[in-house]
Structure formats: C-alpha cells, structure tokens
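Next up, work_21.tsv (TSV, C-alpha atoms):
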```
chain	number	residue	atom	x	y	z
A	222	MET	CA	-3.29	24.66	15.07
A	223	LYS	CA	-6.45	23.49	13.29
A	224	ILE	CA	-6.09	19.86	12.25
A	225	ALA	CA	-8.22	17.39	10.31
A	226	ALA	CA	-7.60	13.89	11.69
A	227	LEU	CA	-8.54	10.81	9.70
A	228	VAL	CA	-9.80	8.04	11.99
A	229	SER	CA	-10.59	4.46	11.08
A	230	GLY	CA	-11.67	2.95	14.39
A	231	GLY	CA	-8.27	1.30	14.80
A	232	VAL	CA	-5.71	1.78	17.55
A	233	ASP	CA	-3.14	3.70	15.51
A	234	SER	CA	-5.39	6.52	14.30
A	235	SER	CA	-7.05	6.69	17.74
A	236	VAL	CA	-3.76	7.16	19.58
A	237	ALA	CA	-2.75	9.75	16.97
A	238	LEU	CA	-6.00	11.61	17.64
A	239	ARG	CA	-5.53	11.53	21.41
A	240	ARG	CA	-1.97	12.85	21.12
A	241	LEU	CA	-3.17	15.78	19.00
A	242	VAL	CA	-5.79	16.67	21.60
A	243	ASP	CA	-3.25	16.41	24.43
A	244	ASP	CA	-0.96	18.78	22.51
A	245	GLY	CA	-3.71	21.39	22.53
A	246	HIS	CA	-4.61	21.43	18.84
A	247	GLU	CA	-8.05	22.28	17.50
A	248	VAL	CA	-9.01	18.91	16.02
A	249	THR	CA	-11.92	17.67	13.93
A	250	ALA	CA	-12.05	13.94	13.21
A	251	PHE	CA	-13.17	12.52	9.87
A	252	TYR	CA	-14.25	8.99	8.98
A	253	LEU	CA	-14.12	8.21	5.26
A	254	LYS	CA	-17.03	6.11	4.03
A	255	ILE	CA	-16.07	4.12	0.97
A	256	TRP	CA	-18.07	2.70	-1.92
A	257	LEU	CA	-17.51	-0.99	-1.08
A	258	GLU	CA	-19.78	-0.74	1.95
A	259	GLU	CA	-22.86	-1.13	-0.22
A	260	GLU	CA	-21.44	-3.10	-3.13
A	261	PHE	CA	-20.19	-5.97	-0.98
A	262	ALA	CA	-23.02	-6.10	1.53
A	263	PHE	CA	-23.99	-9.53	0.16
A	264	LEU	CA	-20.78	-11.01	1.59
A	265	GLY	CA	-22.09	-10.72	5.13
A	266	GLU	CA	-22.11	-8.39	8.09
A	267	CYS	CA	-20.77	-4.95	7.23
A	268	PRO	CA	-17.39	-4.53	8.98
A	269	TRP	CA	-17.46	-0.75	8.59
A	270	GLU	CA	-20.35	-0.46	11.04
A	271	GLU	CA	-18.00	-1.78	13.72
A	272	ASP	CA	-15.19	0.53	12.55
A	273	LEU	CA	-17.44	3.58	12.64
A	274	SER	CA	-18.82	2.58	16.04
A	275	PHE	CA	-15.30	2.45	17.52
A	276	ALA	CA	-14.40	5.73	15.83
A	277	ARG	CA	-17.44	7.39	17.44
A	278	GLN	CA	-16.60	5.95	20.85
A	279	VAL	CA	-13.00	7.19	20.66
A	280	CYS	CA	-14.05	10.68	19.52
A	281	ASP	CA	-16.63	10.89	22.29
A	282	ALA	CA	-14.01	9.81	24.84
A	283	VAL	CA	-11.57	12.55	23.80
A	284	GLY	CA	-14.22	15.21	23.17
A	285	VAL	CA	-13.67	15.62	19.42
A	286	GLU	CA	-16.34	16.15	16.78
A	287	LEU	CA	-16.56	13.33	14.22
A	288	LYS	CA	-17.71	13.92	10.66
A	289	VAL	CA	-18.49	11.12	8.21
A	290	ILE	CA	-17.62	11.83	4.58
A	291	SER	CA	-18.75	9.66	1.66
A	292	LEU	CA	-16.02	9.26	-0.96
A	293	GLN	CA	-17.32	6.21	-2.82
A	294	LYS	CA	-17.15	7.85	-6.25
A	295	ALA	CA	-13.64	9.16	-5.66
A	296	TYR	CA	-12.45	5.69	-4.62
A	297	TRP	CA	-13.91	4.16	-7.75
A	298	ASP	CA	-12.71	6.85	-10.15
A	299	ARG	CA	-9.23	7.33	-8.69
A	300	VAL	CA	-8.26	3.95	-7.24
A	301	VAL	CA	-10.54	0.98	-7.81
A	302	SER	CA	-11.08	1.32	-11.57
A	303	HIS	CA	-7.30	1.54	-12.05
A	304	THR	CA	-6.76	-1.52	-9.87
A	305	VAL	CA	-9.26	-3.58	-11.89
A	306	GLN	CA	-7.70	-2.46	-15.19
A	307	GLU	CA	-4.22	-3.38	-13.99
A	308	LEU	CA	-5.35	-6.84	-12.87
A	309	LYS	CA	-7.08	-7.44	-16.20
A	310	ALA	CA	-3.87	-6.47	-18.00
A	311	GLY	CA	-1.98	-9.09	-15.98
A	312	ARG	CA	-0.10	-6.61	-13.80
A	313	THR	CA	0.18	-6.43	-10.00
A	314	PRO	CA	-1.12	-3.10	-8.66
A	315	SER	CA	-0.62	-1.58	-5.22
A	316	PRO	CA	-3.88	0.30	-4.60
A	317	ASP	CA	-2.88	1.54	-1.13
A	318	ILE	CA	-0.32	3.88	-2.74
A	319	LEU	CA	-3.02	5.38	-4.96
A	320	CYS	CA	-5.43	5.50	-2.01
A	321	ASN	CA	-3.09	7.80	-0.10
A	322	GLN	CA	-2.10	9.92	-3.08
A	323	ARG	CA	-5.51	10.30	-4.71
A	324	VAL	CA	-8.03	9.94	-1.87
A	325	LYS	CA	-6.77	10.44	1.70
A	326	PHE	CA	-4.50	13.32	0.71
A	327	GLY	CA	-6.33	14.06	-2.54
A	328	ALA	CA	-10.13	13.88	-2.74
A	329	PHE	CA	-10.47	14.33	1.02
A	330	VAL	CA	-8.36	17.50	0.97
A	331	ASP	CA	-10.47	18.80	-1.92
A	332	HIS	CA	-13.57	18.16	0.21
A	333	ILE	CA	-12.54	20.09	3.33
A	334	ASP	CA	-11.81	23.79	3.58
A	335	ASP	CA	-8.35	25.36	3.62
A	336	SER	CA	-8.60	26.39	7.27
A	337	PHE	CA	-7.13	23.01	8.29
A	338	ALA	CA	-3.38	23.52	8.45
A	339	LYS	CA	-2.58	19.80	8.64
A	340	ILE	CA	-4.09	16.42	7.75
A	341	ALA	CA	-3.21	13.88	10.44
A	342	THR	CA	-3.30	10.09	10.12
A	343	GLY	CA	-2.07	7.07	12.05
A	344	HIS	CA	0.66	6.21	9.55
A	345	TYR	CA	4.04	5.06	10.83
A	346	ALA	CA	6.07	7.73	9.04
A	347	ARG	CA	7.60	11.16	9.65
A	348	VAL	CA	7.87	14.41	7.72
A	349	CYS	CA	10.61	16.99	8.20
A	350	GLU	CA	11.23	20.34	6.52
A	351	LYS	CA	14.70	21.31	5.34
A	352	ASP	CA	15.80	24.08	3.00
A	353	GLY	CA	12.23	24.79	1.99
A	354	LEU	CA	11.50	21.16	1.02
A	355	TYR	CA	9.50	18.49	2.82
A	356	TRP	CA	11.14	15.10	3.27
A	357	LEU	CA	9.41	11.81	4.03
A	358	GLU	CA	11.27	9.79	6.67
A	359	LYS	CA	10.73	6.20	7.76
A	360	GLY	CA	8.82	5.57	10.96
A	361	ILE	CA	10.87	4.62	14.02
A	362	ASP	CA	9.44	1.09	13.91
A	363	PRO	CA	11.15	-0.59	10.92
A	364	ILE	CA	8.53	-3.34	10.69
A	365	LYS	CA	5.53	-1.00	10.80
A	366	ASP	CA	7.10	1.72	8.64
A	367	GLN	CA	4.53	2.79	6.01
A	368	THR	CA	6.53	5.18	3.82
A	369	TYR	CA	6.21	2.70	0.94
A	370	PHE	CA	2.50	3.56	0.77
A	371	LEU	CA	3.18	7.31	0.96
A	372	SER	CA	5.86	7.40	-1.72
A	373	HIS	CA	3.76	9.11	-4.39
A	374	LEU	CA	2.65	12.16	-2.43
A	375	SER	CA	3.53	15.61	-3.77
A	376	GLN	CA	5.43	18.38	-2.00
A	377	LYS	CA	2.12	20.19	-1.50
A	378	GLN	CA	0.59	17.08	0.09
A	379	LEU	CA	3.63	16.43	2.28
A	380	SER	CA	3.54	20.01	3.53
A	381	ARG	CA	0.15	19.29	5.12
A	382	CYS	CA	0.89	15.78	6.42
A	383	LEU	CA	1.12	15.13	10.14
A	384	PHE	CA	1.95	11.68	11.54
A	385	PRO	CA	1.67	11.85	15.35
A	386	ILE	CA	2.81	8.26	16.01
A	387	GLY	CA	5.69	8.09	13.52
A	388	ASP	CA	8.22	8.60	16.33
A	389	PHE	CA	7.01	5.58	18.30
A	390	PRO	CA	7.32	1.80	17.93
A	391	LYS	CA	4.08	-0.15	17.62
A	392	ALA	CA	4.42	-1.68	21.09
A	393	GLU	CA	4.58	1.79	22.65
A	394	VAL	CA	1.50	2.89	20.68
A	395	ARG	CA	-0.35	-0.10	22.14
A	396	ASP	CA	0.84	0.92	25.60
A	397	MET	CA	-0.47	4.44	25.04
A	398	ALA	CA	-3.87	3.07	24.04
A	399	GLU	CA	-3.95	1.23	27.37
A	400	LEU	CA	-2.76	4.30	29.27
A	401	TYR	CA	-5.44	6.47	27.64
A	402	ASN	CA	-7.99	3.69	28.26
A	403	LEU	CA	-9.28	4.05	24.71
A	404	PRO	CA	-12.47	2.09	23.93
A	405	ASN	CA	-10.64	0.13	21.20
A	406	LYS	CA	-7.41	-0.45	23.14
A	407	ALA	CA	-7.62	-4.24	22.72
A	408	ARG	CA	-8.74	-4.19	19.09
A	409	LYS	CA	-6.58	-6.16	16.64
A	410	ASP	CA	-4.85	-4.41	13.75
A	411	SER	CA	-6.59	-4.56	10.40
A	412	GLN	CA	-4.80	-6.20	7.50
A	413	GLY	CA	-5.10	-5.92	3.76
A	414	ILE	CA	-5.86	-3.24	1.21
A	415	CYS	CA	-7.21	0.11	2.36
A	416	PHE	CA	-10.53	0.13	0.53
A	417	LEU	CA	-11.38	-3.53	1.16
A	418	GLY	CA	-11.52	-3.55	4.94
A	419	LYS	CA	-12.20	-7.14	6.00
A	420	ILE	CA	-13.26	-8.29	2.53
A	421	LYS	CA	-10.93	-10.85	0.99
A	422	TYR	CA	-8.91	-9.59	-1.96
A	423	SER	CA	-9.88	-12.69	-3.94
A	424	ASP	CA	-13.58	-11.89	-3.43
A	425	PHE	CA	-13.00	-8.36	-4.72
A	426	VAL	CA	-11.18	-9.66	-7.80
A	427	ARG	CA	-13.82	-12.32	-8.45
A	428	CYS	CA	-16.63	-9.78	-8.22
A	429	HIS	CA	-15.10	-7.62	-10.95
A	430	LEU	CA	-13.29	-10.09	-13.21
A	431	GLY	CA	-15.06	-13.38	-12.52
A	432	GLU	CA	-13.40	-16.74	-13.00
A	433	LYS	CA	-11.93	-18.33	-16.13
A	434	ILE	CA	-10.26	-21.72	-16.02
A	435	GLY	CA	-6.75	-21.79	-17.44
A	436	ASP	CA	-3.68	-24.02	-17.44
A	437	ILE	CA	-0.81	-24.03	-14.97
A	438	ILE	CA	2.32	-24.96	-16.89
A	439	ASP	CA	5.69	-26.15	-15.61
A	440	GLU	CA	8.16	-23.61	-17.00
A	441	ASP	CA	10.95	-26.21	-17.05
A	442	THR	CA	9.10	-29.01	-18.88
A	443	ASP	CA	6.34	-27.07	-20.68
A	444	LYS	CA	3.83	-29.61	-19.34
A	445	THR	CA	0.40	-28.72	-17.97
A	446	ILE	CA	0.37	-29.71	-14.30
A	447	GLY	CA	-2.82	-28.07	-13.03
A	448	GLN	CA	-5.47	-25.45	-13.55
A	449	HIS	CA	-6.26	-22.04	-12.13
A	450	LYS	CA	-9.36	-19.82	-12.07
A	451	GLY	CA	-7.92	-16.77	-13.83
A	452	TYR	CA	-4.46	-15.27	-14.23
A	453	TRP	CA	-5.70	-12.13	-12.42
A	454	PHE	CA	-5.74	-14.07	-9.13
A	455	HIS	CA	-1.97	-14.66	-9.31
A	456	THR	CA	1.22	-12.62	-9.21
A	457	ILE	CA	4.86	-13.21	-10.04
A	458	GLY	CA	6.72	-14.84	-7.14
A	459	GLN	CA	3.55	-16.31	-5.59
A	460	ARG	CA	3.97	-19.75	-4.06
A	461	LYS	CA	0.80	-20.22	-2.01
A	462	GLY	CA	-2.71	-20.97	-3.20
A	463	LEU	CA	-1.68	-22.82	-6.36
A	464	GLY	CA	-3.07	-26.20	-5.31
A	465	LEU	CA	-0.06	-28.11	-6.63
A	466	GLY	CA	1.75	-31.00	-5.00
A	467	GLY	CA	5.49	-31.68	-4.98
A	468	GLY	CA	6.44	-28.05	-4.42
A	469	PRO	CA	7.18	-25.45	-3.47
A	470	TRP	CA	6.12	-24.01	-6.81
A	471	PHE	CA	6.59	-20.34	-7.72
A	472	VAL	CA	4.73	-18.34	-10.34
A	473	VAL	CA	7.43	-17.10	-12.73
A	474	ARG	CA	5.35	-15.52	-15.52
A	475	LYS	CA	1.86	-15.09	-16.91
A	476	GLU	CA	0.58	-15.45	-20.48
A	477	VAL	CA	-2.38	-13.09	-20.46
A	478	GLU	CA	-3.63	-13.70	-24.00
A	479	ASN	CA	-3.98	-17.46	-23.37
A	480	ASN	CA	-4.88	-17.27	-19.65
A	481	ARG	CA	-1.88	-19.36	-18.62
A	482	ILE	CA	0.43	-19.10	-15.64
A	483	TYR	CA	3.89	-20.63	-15.60
A	484	VAL	CA	5.45	-22.05	-12.46
A	485	SER	CA	8.79	-23.50	-11.45
A	486	ARG	CA	10.23	-25.40	-8.49
A	487	ARG	CA	13.78	-24.40	-9.35
A	488	LEU	CA	13.85	-20.95	-7.83
A	489	LYS	CA	17.58	-20.47	-8.39
A	490	GLU	CA	17.25	-21.29	-12.07
A	491	SER	CA	13.86	-19.64	-12.55
A	492	PRO	CA	13.72	-15.90	-13.27
A	493	ASN	CA	15.29	-14.41	-10.14
A	494	ILE	CA	15.31	-10.80	-11.23
A	495	SER	CA	17.93	-8.26	-10.23
A	496	ARG	CA	17.22	-5.74	-13.03
A	497	PHE	CA	13.98	-4.15	-14.15
A	498	THR	CA	12.78	-1.05	-15.93
A	499	VAL	CA	10.31	1.37	-14.34
A	500	SER	CA	8.02	4.18	-15.43
A	501	PRO	CA	9.30	7.76	-15.00
A	502	ILE	CA	10.20	8.08	-11.32
A	503	HIS	CA	8.09	10.26	-9.05
A	504	TRP	CA	10.61	12.03	-6.82
A	505	LEU	CA	9.29	13.48	-3.58
A	506	ALA	CA	12.15	15.98	-3.59
A	507	GLU	CA	15.38	16.44	-5.49
A	508	GLY	CA	18.28	14.78	-3.76
A	509	ARG	CA	21.51	12.87	-4.31
A	510	MET	CA	21.43	9.65	-6.29
A	511	ASP	CA	24.14	7.76	-4.42
A	512	ASP	CA	23.71	5.08	-1.75
A	513	LEU	CA	20.20	4.20	-2.96
A	514	THR	CA	18.14	1.29	-1.72
A	515	VAL	CA	14.84	0.02	-3.08
A	516	LYS	CA	11.72	-1.78	-1.86
A	517	ILE	CA	9.55	-3.62	-4.35
A	518	ARG	CA	6.88	-4.40	-1.75
A	519	HIS	CA	5.87	-3.17	1.69
A	520	GLY	CA	8.12	-4.58	4.41
A	521	GLU	CA	11.30	-4.02	6.32
A	522	ALA	CA	13.71	-5.23	3.64
A	523	THR	CA	15.43	-2.83	1.25
A	524	LEU	CA	18.12	-3.73	-1.27
A	525	PRO	CA	21.03	-1.56	-2.46
A	526	CYS	CA	20.47	-0.46	-6.05
A	527	GLU	CA	21.63	1.80	-8.85
A	528	ILE	CA	19.55	3.60	-11.46
A	529	SER	CA	20.60	4.04	-15.10
A	530	GLU	CA	18.63	3.92	-18.36
A	531	LYS	CA	17.55	1.27	-20.88
A	532	ASP	CA	15.46	1.83	-24.02
A	533	GLY	CA	14.17	5.14	-22.74
A	534	TYR	CA	13.14	3.78	-19.32
A	535	PRO	CA	14.91	4.12	-15.96
A	536	LEU	CA	16.71	0.84	-15.27
A	537	VAL	CA	17.03	-0.38	-11.68
A	538	GLN	CA	19.93	-2.70	-10.86
A	539	MET	CA	19.57	-4.38	-7.46
A	540	GLU	CA	22.48	-5.84	-5.57
A	541	GLU	CA	20.54	-9.09	-5.14
A	542	GLY	CA	17.84	-10.81	-7.18
A	543	ASP	CA	14.20	-11.28	-6.21
A	544	ALA	CA	11.76	-13.83	-7.62
A	545	GLY	CA	8.79	-11.52	-7.07
A	546	VAL	CA	9.49	-8.64	-9.46
A	547	ALA	CA	6.15	-8.13	-11.21
A	548	PRO	CA	5.01	-5.52	-13.75
A	549	GLY	CA	2.60	-3.07	-12.11
A	550	GLN	CA	4.22	-3.27	-8.67
A	551	TYR	CA	5.82	-0.16	-7.21
A	552	ALA	CA	9.53	0.22	-6.66
A	553	VAL	CA	10.18	2.74	-3.89
A	554	PHE	CA	13.61	4.31	-3.42
A	555	TYR	CA	15.37	5.29	-0.22
A	556	GLN	CA	18.54	6.96	0.94
A	557	GLY	CA	19.08	5.84	4.50
A	558	GLN	CA	15.90	6.70	6.42
A	559	THR	CA	14.59	9.06	3.73
A	560	CYS	CA	12.00	7.93	1.19
A	561	LEU	CA	12.89	9.63	-2.09
A	562	GLY	CA	9.95	8.51	-4.21
A	563	GLY	CA	8.94	5.63	-6.43
A	564	ALA	CA	7.83	4.31	-9.80
A	565	THR	CA	5.75	1.55	-11.35
A	566	ILE	CA	7.72	-1.50	-12.46
A	567	HIS	CA	7.51	-1.65	-16.25
A	568	ALA	CA	9.25	-4.93	-17.06
A	569	PRO	CA	11.83	-7.32	-15.61
A	570	VAL	CA	15.09	-7.60	-17.58
A	571	TYR	CA	15.98	-11.24	-18.11
A	572	ASP	CA	19.72	-11.74	-18.42
A	573	PRO	CA	20.94	-14.48	-20.80
A	574	ARG	CA	21.60	-17.75	-19.01
```
Transcribe the structure of this file into structure tokens.
Amino acid sequence: MKIAALVSGGVDSSVALRRLVDDGHEVTAFYLKIWLEEEFAFLGECPWEEDLSFARQVCDAVGVELKVISLQKAYWDRVVSHTVQELKAGRTPSPDILCNQRVKFGAFVDHIDDSFAKIATGHYARVCEKDGLYWLEKGIDPIKDQTYFLSHLSQKQLSRCLFPIGDFPKAEVRDMAELYNLPNKARKDSQGICFLGKIKYSDFVRCHLGEKIGDIIDEDTDKTIGQHKGYWFHTIGQRKGLGLGGGPWFVVRKEVENNRIYVSRRLKESPNISRFTVSPIHWLAEGRMDDLTVKIRHGEATLPCEISEKDGYPLVQMEEGDAGVAPGQYAVFYQGQTCLGGATIHAPVYDPR
C-alpha cells in the first residue's frame, strides 16, 4: 500500500513511520512547514530547525524519502485567522481540531496526489470500518488518546486515516523507539498547540492582539481587585496566572465590551455549569444517541450527558457540573470507546439559584 506519513521529528510519528516500513508499505514521509517559522523568528532560535533535523535523521535511518511542504498560507487562512477572531470575540478556541480537519487531513491531502491510499500520523487513535462507515475509536492509552482533536474529520477523511500507534500505550511506543534505536528515541514530547511548536501561547496572542489593561472584578462583591493585560489572555475556569492573592480565584465570566474579567473564590457558588448549548453537531457517523458521554477539553475525563434542544440549539445536559465551560470550546461526544463527533460550545445555561 502506498502511504503518505506525516512526521514531526517527535517519537510518536517516528515510531509510526518505522512500523509502516516494517509492515512492507511503500512510504513517503512529509514534514509540514508552517507560517510561524518566519513570523516568530524574533523570539529566538527556530525550534523547527531541530524538528526537521530529527525528521531527516529518522527518515534516513529507515530508508524513506522525506519531502518538505510549505503550508503557511493554508494555516493562516484555515486555522490561525479563525483562532485570532475567536480570541478577539472573547471565546476560547481549540485550533488543534481545525488543524487536523483543515490542514493535516485537508490542505495537505489537496497538495498530494490521489495515489496515496492512506495518510498516516502518530496520533493515539484508531479507525475501524463497519457496515460501510468509518468509526473513530479512542487510542488504547486513555491518557494519550487524541480523538478529541480528530472529532471534526469527515467520513472521506477518516477513510484515508491510518494511526499505526493507536493500539499501543505511550510507554510501549517509547520502548519501540529504543528497540529501533531511532535517532530521537530520548527526545521529550512536545506540548501545546500544533502550529505554535515551542512558542508560548501568550506570545502568539500578544503578537496578534497586543495588550490592553483592564479590571479584574470580584464576582461576589463587584469590587475591582486587580488588573489584567487583555481579556483575550484568559478563559473561563482559569485559576493560574491571575496574579491575585488570597485565592484560589477562578475566572467565571468575561465582559468583552469593557475589557473586564470576573473572578470568584467560591467555586461551588460560582457558575459551575452542567448545561450548555452548542452549534449544530458534526457527527462522524450516524449512530445511537443513548449512553453518551462528553469531553469539553482534551484529557482522560468524560462525563455522562444527554442532548435535547433549547431555543433552536442542541442543549447538552451533563451529569456533573464543570467550572470551565467556555463559549468557543469544543464539546466532543462519545459512546463507550467510539468518538461520535463534536460541536462548538455556544453558551452556558445558568440555572436560577
């Protein structure tokens, strides 16, 4: 089978590449060059040079051709501009979901020819085919599972996805890197948003939206207790980086028009949301609607939920509340190990006290 493998220079994509080669596939590796490489050069040494160097070393070690593709414009048009607009509107975007949907399995697929039967990545996820439909299943490792970030793919995209390490826990992937003696076997995992690399999220936000001093207000007393540098740096449920004493303090809402953020120490009495409306839900495949669970952020935890309707929007009712339900975030729905799809959170529903 002819496969296009996306490599980043990290351990996960490198082990995935090696497994494909061992299985006898005809593999070409691709490294995606993104627009931030040039734009953020002033922040210091370019981390992508190191990533690309490791990617080249791994490809050389396994005897696979590596092609470098520039997708800066696609990242800006399809992911970054949306992220900036959402932040400016006071919402909390999840650009990694758009990165997978619109770039890695979107613009990249448009760039290569149709002779590649599959697009392989180092995601911790699995795809299975049943009754003519493709289903997205959680990775074996519940902590590393990355289906949340793949929840907006289409059936056509899923049909070409291949995740060679989805059946393995992270520790075993590390062991395989040692066994294969990969050049990057001891390299640490990268953290953060896909298109930022090692650049701090706050630096990215500051570059595009600047700073604007505003008040931090105690939700319970309506008193100003501090200042912040722009509501776009903060999200609902945040409790770190506020610079306030006597906490812990949690961000409970934002007043965009006046550049104010409201905080509370009384988490139980502050908006601890169990209901919220979402945009029309993107379903990966039609399935049953019983025994649903939901994630509102990447992580192991899912909460039982039900979906109904309110004011023309799907309404999600969780079994438990969460202080971090923020407009713009993605709610991703599951049935057991199967990821069913997701939607953008429209608004929390505040129940009368």
Point to revise | Spatial neighbours of Thr523 in chain A, max dist 12 Å, only C-alpha atoms, sep filter under 4 positions, as an MDAnalysis selection string | key: chainID A and resid 363:364 369 512:519 539:543 552:558 560
For those residues, write C-alpha atoms to a file as a PDB file, in the frame of the given file.
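Output saved as out35.pdb:
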```pdb
ATOM      1  CA  PRO A 363      11.150  -0.590  10.920  1.00  0.00           C
ATOM      2  CA  ILE A 364       8.530  -3.340  10.690  1.00  0.00           C
ATOM      3  CA  TYR A 369       6.210   2.700   0.940  1.00  0.00           C
ATOM      4  CA  ASP A 512      23.710   5.080  -1.750  1.00  0.00           C
ATOM      5  CA  LEU A 513      20.200   4.200  -2.960  1.00  0.00           C
ATOM      6  CA  THR A 514      18.140   1.290  -1.720  1.00  0.00           C
ATOM      7  CA  VAL A 515      14.840   0.020  -3.080  1.00  0.00           C
ATOM      8  CA  LYS A 516      11.720  -1.780  -1.860  1.00  0.00           C
ATOM      9  CA  ILE A 517       9.550  -3.620  -4.350  1.00  0.00           C
ATOM     10  CA  ARG A 518       6.880  -4.400  -1.750  1.00  0.00           C
ATOM     11  CA  HIS A 519       5.870  -3.170   1.690  1.00  0.00           C
ATOM     12  CA  MET A 539      19.570  -4.380  -7.460  1.00  0.00           C
ATOM     13  CA  GLU A 540      22.480  -5.840  -5.570  1.00  0.00           C
ATOM     14  CA  GLU A 541      20.540  -9.090  -5.140  1.00  0.00           C
ATOM     15  CA  GLY A 542      17.840 -10.810  -7.180  1.00  0.00           C
ATOM     16  CA  ASP A 543      14.200 -11.280  -6.210  1.00  0.00           C
ATOM     17  CA  ALA A 552       9.530   0.220  -6.660  1.00  0.00           C
ATOM     18  CA  VAL A 553      10.180   2.740  -3.890  1.00  0.00           C
ATOM     19  CA  PHE A 554      13.610   4.310  -3.420  1.00  0.00           C
ATOM     20  CA  TYR A 555      15.370   5.290  -0.220  1.00  0.00           C
ATOM     21  CA  GLN A 556      18.540   6.960   0.940  1.00  0.00           C
ATOM     22  CA  GLY A 557      19.080   5.840   4.500  1.00  0.00           C
ATOM     23  CA  GLN A 558      15.900   6.700   6.420  1.00  0.00           C
ATOM     24  CA  CYS A 560      12.000   7.930   1.190  1.00  0.00           C
TER      25      CYS A 560
END
```
Would you kindly return, as a PDB file with C-alpha atoms, in the frame of the given file, each protein, DNA or RNA residue with an atom no farther than 12 Å from any atom of Ala310 in chain A, considering all atoms listed in the file and excluding same-chain residues fewer than 6 positions away?
```pdb
ATOM      1  CA  HIS A 303      -7.300   1.540 -12.050  1.00  0.00           C
ATOM      2  CA  THR A 304      -6.760  -1.520  -9.870  1.00  0.00           C
ATOM      3  CA  LEU A 430     -13.290 -10.090 -13.210  1.00  0.00           C
ATOM      4  CA  GLY A 451      -7.920 -16.770 -13.830  1.00  0.00           C
ATOM      5  CA  TYR A 452      -4.460 -15.270 -14.230  1.00  0.00           C
ATOM      6  CA  TRP A 453      -5.700 -12.130 -12.420  1.00  0.00           C
ATOM      7  CA  PHE A 454      -5.740 -14.070  -9.130  1.00  0.00           C
ATOM      8  CA  THR A 456       1.220 -12.620  -9.210  1.00  0.00           C
ATOM      9  CA  LYS A 475       1.860 -15.090 -16.910  1.00  0.00           C
ATOM     10  CA  GLU A 476       0.580 -15.450 -20.480  1.00  0.00           C
ATOM     11  CA  VAL A 477      -2.380 -13.090 -20.460  1.00  0.00           C
ATOM     12  CA  GLU A 478      -3.630 -13.700 -24.000  1.00  0.00           C
ATOM     13  CA  ASN A 480      -4.880 -17.270 -19.650  1.00  0.00           C
ATOM     14  CA  PRO A 548       5.010  -5.520 -13.750  1.00  0.00           C
ATOM     15  CA  GLY A 549       2.600  -3.070 -12.110  1.00  0.00           C
TER      16      GLY A 549
END
```
Do you know which residues are at most 12 Å from Ala392 in chain A counting all atoms listed in the file, after dropping those on the same chain fewer than 5 positions away, and could you put them as a PDB file with C-alpha atoms, in the frame of the given file?
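The result, written out as result.pdb:
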```
ATOM      1  CA  VAL A 232      -5.710   1.780  17.550  1.00  0.00           C
ATOM      2  CA  ASP A 233      -3.140   3.700  15.510  1.00  0.00           C
ATOM      3  CA  ILE A 361      10.870   4.620  14.020  1.00  0.00           C
ATOM      4  CA  ASP A 362       9.440   1.090  13.910  1.00  0.00           C
ATOM      5  CA  ILE A 364       8.530  -3.340  10.690  1.00  0.00           C
ATOM      6  CA  LYS A 365       5.530  -1.000  10.800  1.00  0.00           C
ATOM      7  CA  ILE A 386       2.810   8.260  16.010  1.00  0.00           C
ATOM      8  CA  MET A 397      -0.470   4.440  25.040  1.00  0.00           C
ATOM      9  CA  ALA A 398      -3.870   3.070  24.040  1.00  0.00           C
ATOM     10  CA  GLU A 399      -3.950   1.230  27.370  1.00  0.00           C
TER      11      GLU A 399
END
```
Check your understanding: How many Å lie between CA of Ile224 in chain A and CA of Gln322 in chain A, rounded to one decimal?
Key ->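 Taking CA of Ile224 in chain A and CA of Gln322 in chain A, their separation equals 18.7 Å.
One distance worth recording is that between CA of Ser274 in chain A and CA of Leu238 in chain A, which is 15.8 Å.
For the residues A:Lys409, A:His344, A:Lys254, A:Lys309, ranking by smallest atom-to-atom distance to Gln293 in chain A using all atoms listed in the file places A:Lys254 first.
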Practice item. Skip Asp443 in chain A itself and residues of its chain fewer than 4 positions away, then list as JSON, numbers by chain all residues within 9 Å of it, counting only C-alpha atoms. Key: {"A": [438, 439, 483]}
**Study point:** Nearest residue to Ile494 in chain A from the set A:Cys428, A:Gly447, A:Lys461, A:Ala568 (distances using only C-alpha atoms)
**Key:** A:Ala568
Practice item. Grab the CA of Ser500 in chain A to CA of Gln306 in chain A distance for me, in Å with one decimal place. Key: 17.1 Å
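Around the coordinate (6.7, 4.3, 4.8), residues that reach within 7 Å when counting all atoms listed in the file are Tyr345, Ala346, Lys359, Gly360, Asp366, Gln367, Thr368, Tyr369, Phe370 and Leu371 of chain A.
Taking all atoms listed in the file into account, Gly458 in chain A lies nearest to A:Gly545 out of the set A:Gly545, A:Gly562, A:Pro569, A:Gly311.
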Study note, to complete from the structure: Using only C-alpha atoms, the residue out of A:Val279, A:Ile333, A:Cys320, A:Cys349 with shortest distance to Leu374 in chain A is A:Cys320
Point to revise | Residues within 10 Å of Phe326 in chain A, all atoms listed in the file, excluding chain neighbours under 4 positions, as a count of residues only | key: 16
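In this comparison, which uses all atoms listed in the file, the residue of A:Gly327, A:Ala250, A:Lys406, A:Ile255 approaching Thr342 in chain A most closely is A:Ala250.
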Practice item. Can you work out which one of A:Cys526, A:Ala237, A:Val570, A:Ala328 has the shortest atom-to-atom distance to Met510 in chain A, counting all atoms listed in the file? Key: A:Cys526
